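See structure below.
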Amino acid sequence: MRYFIWGFLSWIVLANQAQAKLVIHAAEIGVGKFHRYDNSVHPYETNNAWTPYILPADADNTTPLVIENADRSFTIFFSHLEELLTKASEISRNRGEQISVLNVNAHGLPGAMWFPMNESFKNSFECWQWSAAATGADKSNYDQYYSPISKKDVLQIREFSQSPGAVPCTSGLRQWKWALEKVTDAKTSFAPDLKINLLSCVVGLGPVGDEFVTGLGALFSQSEQTQIRSSLNFGLGDWSMPEGMGFWDYLTDEQLTHDNSIYGVNRKDREIMQKGQIRLTALVKGAWQSTVVENQDFMTLERTPDLSQSKWGRETFSHWAKKPSEIRIPGTAIHESVK
């Protein structure tokens, strides 16, 4: 009898291990430095959503850096996309578990995120502005996060979201496709019910954002359980937002003047937070489509809201939008050219 019990318990353990899923937090190195400095000014609580993204105090610019967190999740501090996927796949392989949640925290713009796709691009002239920020002092990453944003900056981002263009040192759909093909075991490292949360400003905004996330979904999976969430607004993620990523955007000239007057002084995201929009992307009736979830306070990892009445589809590109010649990288004071 005891052998039966032992065998039965062993079967339960093995079954639980087979069903176990991994949560991966991924932080671009410069964003990790921001959180490290922010934490030194306003210590994060243990349950703060941004605690896993704090670069360790003794860490330098060397990446990738992997941290196993108390809740069995992992944090990967990375400098480029290939590095991120390689290390995520390695963790999955070593643990014998598929990745259930992938959270990527980096500066974003419609349809892409501001980090290079591989080591070669990282060291190229194209990435000099990214490199200067990523290897710069913690305080520099912290200070530029709170720099005021102009109405022109916001309108250029909205124009960019309607008309696709190439921005130096970014990883969009083409770069993700390349990296997923290069890291040969990457796709098998992710579970069918994978949830990808892109914790970045405006990455899902407009037809450009829609094209990116629906294309990204198709690269990862053909499972109706896979979902990608992205923001249509600017993201807020400092010490004062323990629940998750909040939202901000230009509404009126008066509101912009007010927010800019206090933001750089008080350095508190919560004082300017607004209701926001989340683009939820999934495989619906055989096609990757999106729906926009309105009136959100935060992007969190909580249960997906009721989507029974949601309208799913694809956005069409505007023929009247004028592509800007440059775009500001949200969350930084840096402007990059648009081709």
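Each chain in the structure tokens gets a letter, A, B, ..., in the order shown, and its residues are numbered from 1; ligands are numbered from 1 in order too.
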Residue neighbourhood segment 266-282 of chain A, 7 Å, only C-alpha atoms, exclusion window fewer than 6 positions, as number ranges by chain: A: 146, 204, 213-214, 224, 226-233, 236, 238, 240-241, 246-248, 259, 288-297
Run DSSP on the backbone of this structure and report the residues of segment 167-213 of chain A it assigns to alpha helix (DSSP H), as a PyMOL selection string. chain A and resi 173-182+206-213
Could you pull the residues within 12 Å of segment 62-66 of chain A, counting only C-alpha atoms, minus those fewer than 5 positions along the same chain, as a PDB file with all heavy atoms, in the first residue's frame?
ATOM      1  N   ILE A  24       8.293  35.571 -16.657  1.00  0.00           N
ATOM      2  CA  ILE A  24       9.546  36.266 -16.956  1.00  0.00           C
ATOM      3  C   ILE A  24       9.292  37.762 -17.003  1.00  0.00           C
ATOM      4  O   ILE A  24       8.451  38.241 -17.772  1.00  0.00           O
ATOM      5  CB  ILE A  24      10.133  35.820 -18.315  1.00  0.00           C
ATOM      6  CG1 ILE A  24      10.416  34.317 -18.326  1.00  0.00           C
ATOM      7  CG2 ILE A  24      11.388  36.624 -18.655  1.00  0.00           C
ATOM      8  CD1 ILE A  24      11.577  33.883 -17.471  1.00  0.00           C
ATOM      9  N   HIS A  25      10.000  38.501 -16.155  1.00  0.00           N
ATOM     10  CA  HIS A  25      10.027  39.958 -16.224  1.00  0.00           C
ATOM     11  C   HIS A  25      11.293  40.342 -16.993  1.00  0.00           C
ATOM     12  O   HIS A  25      12.387  39.896 -16.641  1.00  0.00           O
ATOM     13  CB  HIS A  25      10.074  40.579 -14.831  1.00  0.00           C
ATOM     14  CG  HIS A  25       8.971  40.144 -13.917  1.00  0.00           C
ATOM     15  ND1 HIS A  25       7.715  40.659 -13.995  1.00  0.00           N
ATOM     16  CD2 HIS A  25       8.957  39.224 -12.908  1.00  0.00           C
ATOM     17  CE1 HIS A  25       6.955  40.093 -13.061  1.00  0.00           C
ATOM     18  NE2 HIS A  25       7.679  39.225 -12.396  1.00  0.00           N
ATOM     19  N   ALA A  26      11.155  41.144 -18.021  1.00  0.00           N
ATOM     20  CA  ALA A  26      12.313  41.566 -18.804  1.00  0.00           C
ATOM     21  C   ALA A  26      12.426  43.089 -18.743  1.00  0.00           C
ATOM     22  O   ALA A  26      11.460  43.795 -19.030  1.00  0.00           O
ATOM     23  CB  ALA A  26      12.179  41.103 -20.245  1.00  0.00           C
ATOM     24  N   ALA A  27      13.592  43.587 -18.371  1.00  0.00           N
ATOM     25  CA  ALA A  27      13.809  45.028 -18.250  1.00  0.00           C
ATOM     26  C   ALA A  27      15.020  45.436 -19.076  1.00  0.00           C
ATOM     27  O   ALA A  27      16.126  44.909 -18.877  1.00  0.00           O
ATOM     28  CB  ALA A  27      14.017  45.427 -16.790  1.00  0.00           C
ATOM     29  N   GLU A  28      14.815  46.345 -20.011  1.00  0.00           N
ATOM     30  CA  GLU A  28      15.931  46.948 -20.736  1.00  0.00           C
ATOM     31  C   GLU A  28      16.835  47.629 -19.705  1.00  0.00           C
ATOM     32  O   GLU A  28      16.349  48.220 -18.736  1.00  0.00           O
ATOM     33  CB  GLU A  28      15.385  47.926 -21.781  1.00  0.00           C
ATOM     34  CG  GLU A  28      16.430  48.615 -22.633  1.00  0.00           C
ATOM     35  CD  GLU A  28      16.848  49.946 -22.064  1.00  0.00           C
ATOM     36  OE1 GLU A  28      16.058  50.559 -21.312  1.00  0.00           O
ATOM     37  OE2 GLU A  28      17.974  50.379 -22.360  1.00  0.00           O
ATOM     38  N   ILE A  29      18.139  47.542 -19.878  1.00  0.00           N
ATOM     39  CA  ILE A  29      19.104  47.932 -18.856  1.00  0.00           C
ATOM     40  C   ILE A  29      18.921  49.386 -18.387  1.00  0.00           C
ATOM     41  O   ILE A  29      19.017  49.685 -17.196  1.00  0.00           O
ATOM     42  CB  ILE A  29      20.555  47.687 -19.348  1.00  0.00           C
ATOM     43  CG1 ILE A  29      21.589  48.039 -18.275  1.00  0.00           C
ATOM     44  CG2 ILE A  29      20.836  48.428 -20.645  1.00  0.00           C
ATOM     45  CD1 ILE A  29      21.586  47.087 -17.103  1.00  0.00           C
ATOM     46  N   GLY A  30      18.621  50.308 -19.321  1.00  0.00           N
ATOM     47  CA  GLY A  30      18.424  51.703 -18.928  1.00  0.00           C
ATOM     48  C   GLY A  30      17.203  51.890 -18.055  1.00  0.00           C
ATOM     49  O   GLY A  30      17.212  52.693 -17.104  1.00  0.00           O
ATOM     50  N   GLY A  32      16.017  49.554 -16.107  1.00  0.00           N
ATOM     51  CA  GLY A  32      16.420  48.993 -14.821  1.00  0.00           C
ATOM     52  C   GLY A  32      17.172  50.005 -13.972  1.00  0.00           C
ATOM     53  O   GLY A  32      17.007  50.057 -12.749  1.00  0.00           O
ATOM     54  N   PRO A  52      10.326  43.898  -9.322  1.00  0.00           N
ATOM     55  CA  PRO A  52      11.182  42.981 -10.094  1.00  0.00           C
ATOM     56  C   PRO A  52      12.055  43.664 -11.141  1.00  0.00           C
ATOM     57  O   PRO A  52      12.970  43.038 -11.681  1.00  0.00           O
ATOM     58  CB  PRO A  52      10.167  42.051 -10.779  1.00  0.00           C
ATOM     59  CG  PRO A  52       8.925  42.151  -9.966  1.00  0.00           C
ATOM     60  CD  PRO A  52       8.894  43.557  -9.471  1.00  0.00           C
ATOM     61  N   TYR A  53      11.780  44.949 -11.425  1.00  0.00           N
ATOM     62  CA  TYR A  53      12.505  45.639 -12.489  1.00  0.00           C
ATOM     63  C   TYR A  53      13.620  46.541 -11.956  1.00  0.00           C
ATOM     64  O   TYR A  53      14.224  47.289 -12.726  1.00  0.00           O
ATOM     65  CB  TYR A  53      11.513  46.451 -13.326  1.00  0.00           C
ATOM     66  CG  TYR A  53      10.415  45.585 -13.897  1.00  0.00           C
ATOM     67  CD1 TYR A  53       9.224  45.397 -13.210  1.00  0.00           C
ATOM     68  CD2 TYR A  53      10.592  44.909 -15.102  1.00  0.00           C
ATOM     69  CE1 TYR A  53       8.228  44.564 -13.711  1.00  0.00           C
ATOM     70  CE2 TYR A  53       9.602  44.081 -15.614  1.00  0.00           C
ATOM     71  CZ  TYR A  53       8.432  43.913 -14.909  1.00  0.00           C
ATOM     72  OH  TYR A  53       7.455  43.082 -15.393  1.00  0.00           O
ATOM     73  N   ILE A  54      13.884  46.459 -10.651  1.00  0.00           N
ATOM     74  CA  ILE A  54      14.957  47.246 -10.045  1.00  0.00           C
ATOM     75  C   ILE A  54      16.295  46.553 -10.309  1.00  0.00           C
ATOM     76  O   ILE A  54      16.520  45.423  -9.854  1.00  0.00           O
ATOM     77  CB  ILE A  54      14.749  47.401  -8.529  1.00  0.00           C
ATOM     78  CG1 ILE A  54      13.414  48.097  -8.232  1.00  0.00           C
ATOM     79  CG2 ILE A  54      15.905  48.186  -7.914  1.00  0.00           C
ATOM     80  CD1 ILE A  54      13.038  48.058  -6.756  1.00  0.00           C
ATOM     81  N   LEU A  55      17.169  47.212 -11.022  1.00  0.00           N
ATOM     82  CA  LEU A  55      18.507  46.662 -11.262  1.00  0.00           C
ATOM     83  C   LEU A  55      19.234  46.536  -9.919  1.00  0.00           C
ATOM     84  O   LEU A  55      19.232  47.479  -9.122  1.00  0.00           O
ATOM     85  CB  LEU A  55      19.277  47.588 -12.205  1.00  0.00           C
ATOM     86  CG  LEU A  55      20.618  47.072 -12.728  1.00  0.00           C
ATOM     87  CD1 LEU A  55      20.417  45.880 -13.657  1.00  0.00           C
ATOM     88  CD2 LEU A  55      21.360  48.202 -13.461  1.00  0.00           C
ATOM     89  N   PRO A  56      19.849  45.388  -9.640  1.00  0.00           N
ATOM     90  CA  PRO A  56      20.552  45.220  -8.356  1.00  0.00           C
ATOM     91  C   PRO A  56      21.609  46.289  -8.131  1.00  0.00           C
ATOM     92  O   PRO A  56      22.224  46.809  -9.073  1.00  0.00           O
ATOM     93  CB  PRO A  56      21.190  43.832  -8.494  1.00  0.00           C
ATOM     94  CG  PRO A  56      20.302  43.102  -9.447  1.00  0.00           C
ATOM     95  CD  PRO A  56      19.842  44.145 -10.433  1.00  0.00           C
ATOM     96  N   SER A  73       9.411  33.714 -10.022  1.00  0.00           N
ATOM     97  CA  SER A  73       9.537  34.370 -11.325  1.00  0.00           C
ATOM     98  C   SER A  73      11.006  34.734 -11.535  1.00  0.00           C
ATOM     99  O   SER A  73      11.823  34.682 -10.608  1.00  0.00           O
ATOM    100  CB  SER A  73       8.666  35.622 -11.390  1.00  0.00           C
ATOM    101  OG  SER A  73       9.166  36.635 -10.518  1.00  0.00           O
ATOM    102  N   PHE A  74      11.332  35.104 -12.770  1.00  0.00           N
ATOM    103  CA  PHE A  74      12.693  35.524 -13.096  1.00  0.00           C
ATOM    104  C   PHE A  74      12.665  36.913 -13.706  1.00  0.00           C
ATOM    105  O   PHE A  74      11.706  37.277 -14.398  1.00  0.00           O
ATOM    106  CB  PHE A  74      13.331  34.557 -14.097  1.00  0.00           C
ATOM    107  CG  PHE A  74      13.735  33.240 -13.506  1.00  0.00           C
ATOM    108  CD1 PHE A  74      12.812  32.226 -13.343  1.00  0.00           C
ATOM    109  CD2 PHE A  74      15.051  33.017 -13.107  1.00  0.00           C
ATOM    110  CE1 PHE A  74      13.181  31.007 -12.795  1.00  0.00           C
ATOM    111  CE2 PHE A  74      15.435  31.797 -12.562  1.00  0.00           C
ATOM    112  CZ  PHE A  74      14.498  30.794 -12.403  1.00  0.00           C
ATOM    113  N   THR A  75      13.713  37.675 -13.457  1.00  0.00           N
ATOM    114  CA  THR A  75      13.915  38.951 -14.133  1.00  0.00           C
ATOM    115  C   THR A  75      15.162  38.862 -15.003  1.00  0.00           C
ATOM    116  O   THR A  75      16.215  38.395 -14.542  1.00  0.00           O
ATOM    117  CB  THR A  75      14.076  40.111 -13.136  1.00  0.00           C
ATOM    118  OG1 THR A  75      12.889  40.233 -12.347  1.00  0.00           O
ATOM    119  CG2 THR A  75      14.312  41.419 -13.878  1.00  0.00           C
ATOM    120  N   ILE A  76      15.023  39.291 -16.258  1.00  0.00           N
ATOM    121  CA  ILE A  76      16.161  39.355 -17.176  1.00  0.00           C
ATOM    122  C   ILE A  76      16.423  40.826 -17.497  1.00  0.00           C
ATOM    123  O   ILE A  76      15.566  41.497 -18.071  1.00  0.00           O
ATOM    124  CB  ILE A  76      15.882  38.593 -18.485  1.00  0.00           C
ATOM    125  CG1 ILE A  76      15.533  37.127 -18.210  1.00  0.00           C
ATOM    126  CG2 ILE A  76      17.088  38.697 -19.426  1.00  0.00           C
ATOM    127  CD1 ILE A  76      15.047  36.383 -19.442  1.00  0.00           C
ATOM    128  N   PHE A  77      17.569  41.325 -17.106  1.00  0.00           N
ATOM    129  CA  PHE A  77      17.999  42.657 -17.525  1.00  0.00           C
ATOM    130  C   PHE A  77      18.805  42.464 -18.808  1.00  0.00           C
ATOM    131  O   PHE A  77      19.776  41.708 -18.834  1.00  0.00           O
ATOM    132  CB  PHE A  77      18.835  43.323 -16.432  1.00  0.00           C
ATOM    133  CG  PHE A  77      18.050  43.597 -15.175  1.00  0.00           C
ATOM    134  CD1 PHE A  77      18.091  42.705 -14.106  1.00  0.00           C
ATOM    135  CD2 PHE A  77      17.259  44.720 -15.069  1.00  0.00           C
ATOM    136  CE1 PHE A  77      17.358  42.936 -12.954  1.00  0.00           C
ATOM    137  CE2 PHE A  77      16.521  44.970 -13.917  1.00  0.00           C
ATOM    138  CZ  PHE A  77      16.563  44.071 -12.857  1.00  0.00           C
ATOM    139  N   PHE A  78      18.398  43.144 -19.876  1.00  0.00           N
ATOM    140  CA  PHE A  78      18.967  42.858 -21.187  1.00  0.00           C
ATOM    141  C   PHE A  78      19.328  44.138 -21.935  1.00  0.00           C
ATOM    142  O   PHE A  78      18.841  45.230 -21.607  1.00  0.00           O
ATOM    143  CB  PHE A  78      17.964  42.044 -22.020  1.00  0.00           C
ATOM    144  CG  PHE A  78      16.727  42.816 -22.422  1.00  0.00           C
ATOM    145  CD1 PHE A  78      16.654  43.430 -23.671  1.00  0.00           C
ATOM    146  CD2 PHE A  78      15.651  42.946 -21.558  1.00  0.00           C
ATOM    147  CE1 PHE A  78      15.523  44.157 -24.043  1.00  0.00           C
ATOM    148  CE2 PHE A  78      14.523  43.668 -21.920  1.00  0.00           C
ATOM    149  CZ  PHE A  78      14.459  44.271 -23.167  1.00  0.00           C
ATOM    150  N   SER A  79      20.159  43.977 -22.964  1.00  0.00           N
ATOM    151  CA  SER A  79      20.551  45.090 -23.819  1.00  0.00           C
ATOM    152  C   SER A  79      20.020  44.964 -25.236  1.00  0.00           C
ATOM    153  O   SER A  79      19.952  45.955 -25.954  1.00  0.00           O
ATOM    154  CB  SER A  79      22.085  45.216 -23.867  1.00  0.00           C
ATOM    155  OG  SER A  79      22.609  45.545 -22.607  1.00  0.00           O
ATOM    156  N   HIS A  80      19.695  43.742 -25.649  1.00  0.00           N
ATOM    157  CA  HIS A  80      19.146  43.589 -27.002  1.00  0.00           C
ATOM    158  C   HIS A  80      18.208  42.386 -27.058  1.00  0.00           C
ATOM    159  O   HIS A  80      18.199  41.525 -26.157  1.00  0.00           O
ATOM    160  CB  HIS A  80      20.253  43.496 -28.059  1.00  0.00           C
ATOM    161  CG  HIS A  80      21.246  42.398 -27.867  1.00  0.00           C
ATOM    162  ND1 HIS A  80      20.979  41.077 -28.184  1.00  0.00           N
ATOM    163  CD2 HIS A  80      22.520  42.419 -27.390  1.00  0.00           C
ATOM    164  CE1 HIS A  80      22.050  40.350 -27.943  1.00  0.00           C
ATOM    165  NE2 HIS A  80      23.005  41.123 -27.446  1.00  0.00           N
ATOM    166  N   LEU A  81      17.415  42.322 -28.105  1.00  0.00           N
ATOM    167  CA  LEU A  81      16.336  41.359 -28.223  1.00  0.00           C
ATOM    168  C   LEU A  81      16.836  39.920 -28.272  1.00  0.00           C
ATOM    169  O   LEU A  81      16.264  39.031 -27.618  1.00  0.00           O
ATOM    170  CB  LEU A  81      15.495  41.677 -29.463  1.00  0.00           C
ATOM    171  CG  LEU A  81      14.288  40.790 -29.745  1.00  0.00           C
ATOM    172  CD1 LEU A  81      13.324  40.768 -28.571  1.00  0.00           C
ATOM    173  CD2 LEU A  81      13.587  41.269 -31.019  1.00  0.00           C
ATOM    174  N   GLU A  82      17.862  39.663 -29.059  1.00  0.00           N
ATOM    175  CA  GLU A  82      18.378  38.298 -29.149  1.00  0.00           C
ATOM    176  C   GLU A  82      18.833  37.796 -27.781  1.00  0.00           C
ATOM    177  O   GLU A  82      18.606  36.631 -27.416  1.00  0.00           O
ATOM    178  CB  GLU A  82      19.535  38.234 -30.147  1.00  0.00           C
ATOM    179  CG  GLU A  82      20.075  36.820 -30.347  1.00  0.00           C
ATOM    180  CD  GLU A  82      21.283  36.779 -31.274  1.00  0.00           C
ATOM    181  OE1 GLU A  82      21.706  37.839 -31.778  1.00  0.00           O
ATOM    182  OE2 GLU A  82      21.810  35.665 -31.482  1.00  0.00           O
ATOM    183  N   GLU A  83      19.437  38.677 -27.024  1.00  0.00           N
ATOM    184  CA  GLU A  83      19.895  38.343 -25.678  1.00  0.00           C
ATOM    185  C   GLU A  83      18.719  37.967 -24.778  1.00  0.00           C
ATOM    186  O   GLU A  83      18.770  36.975 -24.035  1.00  0.00           O
ATOM    187  CB  GLU A  83      20.624  39.570 -25.115  1.00  0.00           C
ATOM    188  CG  GLU A  83      21.328  39.406 -23.813  1.00  0.00           C
ATOM    189  CD  GLU A  83      22.100  40.679 -23.480  1.00  0.00           C
ATOM    190  OE1 GLU A  83      21.473  41.697 -23.116  1.00  0.00           O
ATOM    191  OE2 GLU A  83      23.343  40.657 -23.592  1.00  0.00           O
ATOM    192  N   LEU A  84      17.651  38.739 -24.854  1.00  0.00           N
ATOM    193  CA  LEU A  84      16.460  38.475 -24.058  1.00  0.00           C
ATOM    194  C   LEU A  84      15.864  37.105 -24.379  1.00  0.00           C
ATOM    195  O   LEU A  84      15.595  36.296 -23.477  1.00  0.00           O
ATOM    196  CB  LEU A  84      15.419  39.574 -24.300  1.00  0.00           C
ATOM    197  CG  LEU A  84      13.980  39.286 -23.847  1.00  0.00           C
ATOM    198  CD1 LEU A  84      13.916  38.984 -22.361  1.00  0.00           C
ATOM    199  CD2 LEU A  84      13.064  40.453 -24.217  1.00  0.00           C
ATOM    200  N   LEU A  85      15.653  36.825 -25.664  1.00  0.00           N
ATOM    201  CA  LEU A  85      15.027  35.558 -26.048  1.00  0.00           C
ATOM    202  C   LEU A  85      15.937  34.363 -25.759  1.00  0.00           C
ATOM    203  O   LEU A  85      15.463  33.290 -25.367  1.00  0.00           O
ATOM    204  CB  LEU A  85      14.650  35.592 -27.521  1.00  0.00           C
ATOM    205  CG  LEU A  85      13.518  36.551 -27.896  1.00  0.00           C
ATOM    206  CD1 LEU A  85      13.276  36.534 -29.402  1.00  0.00           C
ATOM    207  CD2 LEU A  85      12.224  36.210 -27.156  1.00  0.00           C
ATOM    208  N   THR A  86      17.236  34.540 -25.943  1.00  0.00           N
ATOM    209  CA  THR A  86      18.183  33.461 -25.652  1.00  0.00           C
ATOM    210  C   THR A  86      18.140  33.085 -24.176  1.00  0.00           C
ATOM    211  O   THR A  86      18.087  31.909 -23.800  1.00  0.00           O
ATOM    212  CB  THR A  86      19.614  33.873 -26.047  1.00  0.00           C
ATOM    213  OG1 THR A  86      19.663  34.133 -27.449  1.00  0.00           O
ATOM    214  CG2 THR A  86      20.613  32.788 -25.694  1.00  0.00           C
ATOM    215  N   LYS A  87      18.160  34.084 -23.320  1.00  0.00           N
ATOM    216  CA  LYS A  87      18.178  33.815 -21.881  1.00  0.00           C
ATOM    217  C   LYS A  87      16.825  33.287 -21.403  1.00  0.00           C
ATOM    218  O   LYS A  87      16.777  32.379 -20.550  1.00  0.00           O
ATOM    219  CB  LYS A  87      18.545  35.096 -21.133  1.00  0.00           C
ATOM    220  CG  LYS A  87      18.854  34.887 -19.659  1.00  0.00           C
ATOM    221  CD  LYS A  87      19.907  33.831 -19.417  1.00  0.00           C
ATOM    222  CE  LYS A  87      21.268  34.208 -19.948  1.00  0.00           C
ATOM    223  NZ  LYS A  87      22.312  33.244 -19.557  1.00  0.00           N
ATOM    224  N   ALA A  88      15.723  33.798 -21.959  1.00  0.00           N
ATOM    225  CA  ALA A  88      14.405  33.285 -21.582  1.00  0.00           C
ATOM    226  C   ALA A  88      14.275  31.812 -21.954  1.00  0.00           C
ATOM    227  O   ALA A  88      13.758  30.999 -21.171  1.00  0.00           O
ATOM    228  CB  ALA A  88      13.306  34.103 -22.265  1.00  0.00           C
ATOM    229  N   GLU A  90      16.718  29.694 -22.282  1.00  0.00           N
ATOM    230  CA  GLU A  90      17.625  28.934 -21.412  1.00  0.00           C
ATOM    231  C   GLU A  90      16.970  28.666 -20.059  1.00  0.00           C
ATOM    232  O   GLU A  90      17.061  27.555 -19.520  1.00  0.00           O
ATOM    233  CB  GLU A  90      18.917  29.724 -21.233  1.00  0.00           C
ATOM    234  CG  GLU A  90      19.950  29.042 -20.359  1.00  0.00           C
ATOM    235  CD  GLU A  90      21.190  29.901 -20.184  1.00  0.00           C
ATOM    236  OE1 GLU A  90      21.748  30.331 -21.218  1.00  0.00           O
ATOM    237  OE2 GLU A  90      21.593  30.152 -19.032  1.00  0.00           O
ATOM    238  N   ILE A  91      16.309  29.668 -19.497  1.00  0.00           N
ATOM    239  CA  ILE A  91      15.617  29.491 -18.211  1.00  0.00           C
ATOM    240  C   ILE A  91      14.527  28.424 -18.347  1.00  0.00           C
ATOM    241  O   ILE A  91      14.386  27.534 -17.512  1.00  0.00           O
ATOM    242  CB  ILE A  91      15.007  30.823 -17.737  1.00  0.00           C
ATOM    243  CG1 ILE A  91      16.114  31.823 -17.402  1.00  0.00           C
ATOM    244  CG2 ILE A  91      14.113  30.604 -16.514  1.00  0.00           C
ATOM    245  CD1 ILE A  91      15.614  33.238 -17.167  1.00  0.00           C
ATOM    246  N   GLU A 119      23.689  42.098 -30.849  1.00  0.00           N
ATOM    247  CA  GLU A 119      24.937  42.699 -30.391  1.00  0.00           C
ATOM    248  C   GLU A 119      25.558  43.589 -31.465  1.00  0.00           C
ATOM    249  O   GLU A 119      26.127  44.651 -31.159  1.00  0.00           O
ATOM    250  CB  GLU A 119      25.922  41.593 -30.006  1.00  0.00           C
ATOM    251  CG  GLU A 119      27.205  42.074 -29.340  1.00  0.00           C
ATOM    252  CD  GLU A 119      27.001  42.541 -27.911  1.00  0.00           C
ATOM    253  OE1 GLU A 119      25.943  42.238 -27.316  1.00  0.00           O
ATOM    254  OE2 GLU A 119      27.907  43.201 -27.376  1.00  0.00           O
ATOM    255  N   LYS A 122      23.744  46.788 -31.490  1.00  0.00           N
ATOM    256  CA  LYS A 122      24.046  47.472 -30.226  1.00  0.00           C
ATOM    257  C   LYS A 122      25.333  48.282 -30.332  1.00  0.00           C
ATOM    258  O   LYS A 122      25.436  49.394 -29.798  1.00  0.00           O
ATOM    259  CB  LYS A 122      24.159  46.433 -29.108  1.00  0.00           C
ATOM    260  CG  LYS A 122      24.672  46.980 -27.784  1.00  0.00           C
ATOM    261  CD  LYS A 122      24.910  45.836 -26.809  1.00  0.00           C
ATOM    262  CE  LYS A 122      25.673  46.314 -25.583  1.00  0.00           C
ATOM    263  NZ  LYS A 122      25.992  45.201 -24.658  1.00  0.00           N
ATOM    264  N   ALA A 134      21.656  53.965 -22.183  1.00  0.00           N
ATOM    265  CA  ALA A 134      21.678  52.686 -21.482  1.00  0.00           C
ATOM    266  C   ALA A 134      22.919  52.523 -20.610  1.00  0.00           C
ATOM    267  O   ALA A 134      22.866  51.893 -19.552  1.00  0.00           O
ATOM    268  CB  ALA A 134      21.604  51.539 -22.485  1.00  0.00           C
ATOM    269  N   THR A 135      24.051  53.064 -21.054  1.00  0.00           N
ATOM    270  CA  THR A 135      25.289  52.943 -20.287  1.00  0.00           C
ATOM    271  C   THR A 135      25.527  54.152 -19.385  1.00  0.00           C
ATOM    272  O   THR A 135      26.509  54.186 -18.660  1.00  0.00           O
ATOM    273  CB  THR A 135      26.501  52.772 -21.226  1.00  0.00           C
ATOM    274  OG1 THR A 135      26.611  53.931 -22.067  1.00  0.00           O
ATOM    275  CG2 THR A 135      26.353  51.523 -22.078  1.00  0.00           C
TER     276      THR A 135
END
Nearby residues (only C-alpha atoms) at most 7 Å from segment 320-323 of chain A, same-chain spacing under 2 positions excluded, as a PDB file with N, CA, C and O atoms, in the first residue's frame:
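Written file, out-v7.pdb:
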ATOM      1  N   GLU A 159       0.976  61.138 -35.268  1.00  0.00           N
ATOM      2  CA  GLU A 159       1.148  61.064 -36.726  1.00  0.00           C
ATOM      3  C   GLU A 159       1.918  59.800 -37.106  1.00  0.00           C
ATOM      4  O   GLU A 159       1.565  59.102 -38.057  1.00  0.00           O
ATOM      5  N   PHE A 160       2.958  59.515 -36.345  1.00  0.00           N
ATOM      6  CA  PHE A 160       3.767  58.328 -36.607  1.00  0.00           C
ATOM      7  C   PHE A 160       2.925  57.056 -36.488  1.00  0.00           C
ATOM      8  O   PHE A 160       3.131  56.093 -37.229  1.00  0.00           O
ATOM      9  N   GLN A 162       0.032  56.565 -37.402  1.00  0.00           N
ATOM     10  CA  GLN A 162      -0.850  56.415 -38.552  1.00  0.00           C
ATOM     11  C   GLN A 162      -0.105  56.069 -39.834  1.00  0.00           C
ATOM     12  O   GLN A 162      -0.703  55.608 -40.808  1.00  0.00           O
ATOM     13  N   SER A 163       1.184  56.338 -39.841  1.00  0.00           N
ATOM     14  CA  SER A 163       1.974  56.164 -41.058  1.00  0.00           C
ATOM     15  C   SER A 163       3.314  55.541 -40.691  1.00  0.00           C
ATOM     16  O   SER A 163       4.134  56.184 -40.034  1.00  0.00           O
ATOM     17  N   SER A 318      -3.969  55.408 -42.310  1.00  0.00           N
ATOM     18  CA  SER A 318      -4.505  56.665 -42.817  1.00  0.00           C
ATOM     19  C   SER A 318      -3.722  57.108 -44.054  1.00  0.00           C
ATOM     20  O   SER A 318      -2.500  57.001 -44.103  1.00  0.00           O
ATOM     21  N   SER A 325       9.415  63.904 -39.421  1.00  0.00           N
ATOM     22  CA  SER A 325      10.826  63.689 -39.744  1.00  0.00           C
ATOM     23  C   SER A 325      11.614  63.171 -38.544  1.00  0.00           C
ATOM     24  O   SER A 325      12.699  62.604 -38.697  1.00  0.00           O
TER      25      SER A 325
END
Straight-line distance linking atom CA of Leu219 of chain A with atom CA of Val203 of chain A, stated in Å to one decimal: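 We find that atom CA of Leu219 of chain A and atom CA of Val203 of chain A lie 17.2 Å from each other.
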For segment 102-107 of chain A, please output as a list of chain:residue names all residues within 8 Å (counting only C-alpha atoms; exclusion window: fewer than 2 positions along the same chain).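 That gives A:Val23, A:Ile24, A:His25, A:Ala26, A:Ala27, A:Glu28, A:Val31, A:Tyr53, A:Ile99, A:Ser100, A:Leu109, A:Met113, A:Trp114, A:Phe115, A:Leu194, A:Lys195, A:Ile196, A:Asn197, A:Leu198, A:Leu199, A:Ser200, A:Cys201, A:Ile329, A:Pro330, A:Gly331, A:Thr332.
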For Gly313 of chain A, the nearest of the candidates A:Ala218, A:Glu211, A:Asn47, A:Thr300, counting only C-alpha atoms: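 For Gly313 of chain A, the nearest of the candidates is A:Glu211.
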What lies within 8 Å of Glu326 of chain A using only C-alpha atoms, ignoring chain neighbours under 5 positions off, as JSON, numbers by chain? {"A": [156, 335, 336, 337, 338]}
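Considering only C-alpha atoms, the residue among A:Ile334, A:Leu301, A:Ala70, A:Val41 positioned nearest to Lys139 of chain A is A:Val41.
Counting only C-alpha atoms, the residue from A:Asp193, A:Asp153, A:Asp185, A:Asp138 that sits nearest to His35 of chain A is A:Asp138.
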Can you measure atom CA of Thr257 of chain A to atom CA of Met299 of chain A for me? One decimal in Å is fine.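 It comes out at 25.7 Å.
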Using the chain letters and numbers from this document, which residues of segment 165-205 of chain A does DSSP assign to strand (DSSP E), as a list in words? Phe190, Ala191, Pro192, Asp193, Leu194, Lys195, Ile196, Asn197, Leu198 and Leu199 of chain A
Near Gly206 of chain A, counting only C-alpha atoms, which residues have an atom at most 8 Å away, once you skip same-chain residues fewer than 4 positions from it, shown as an MDAnalysis selection string? chainID A and resid 110 158 161:162 210 232 315
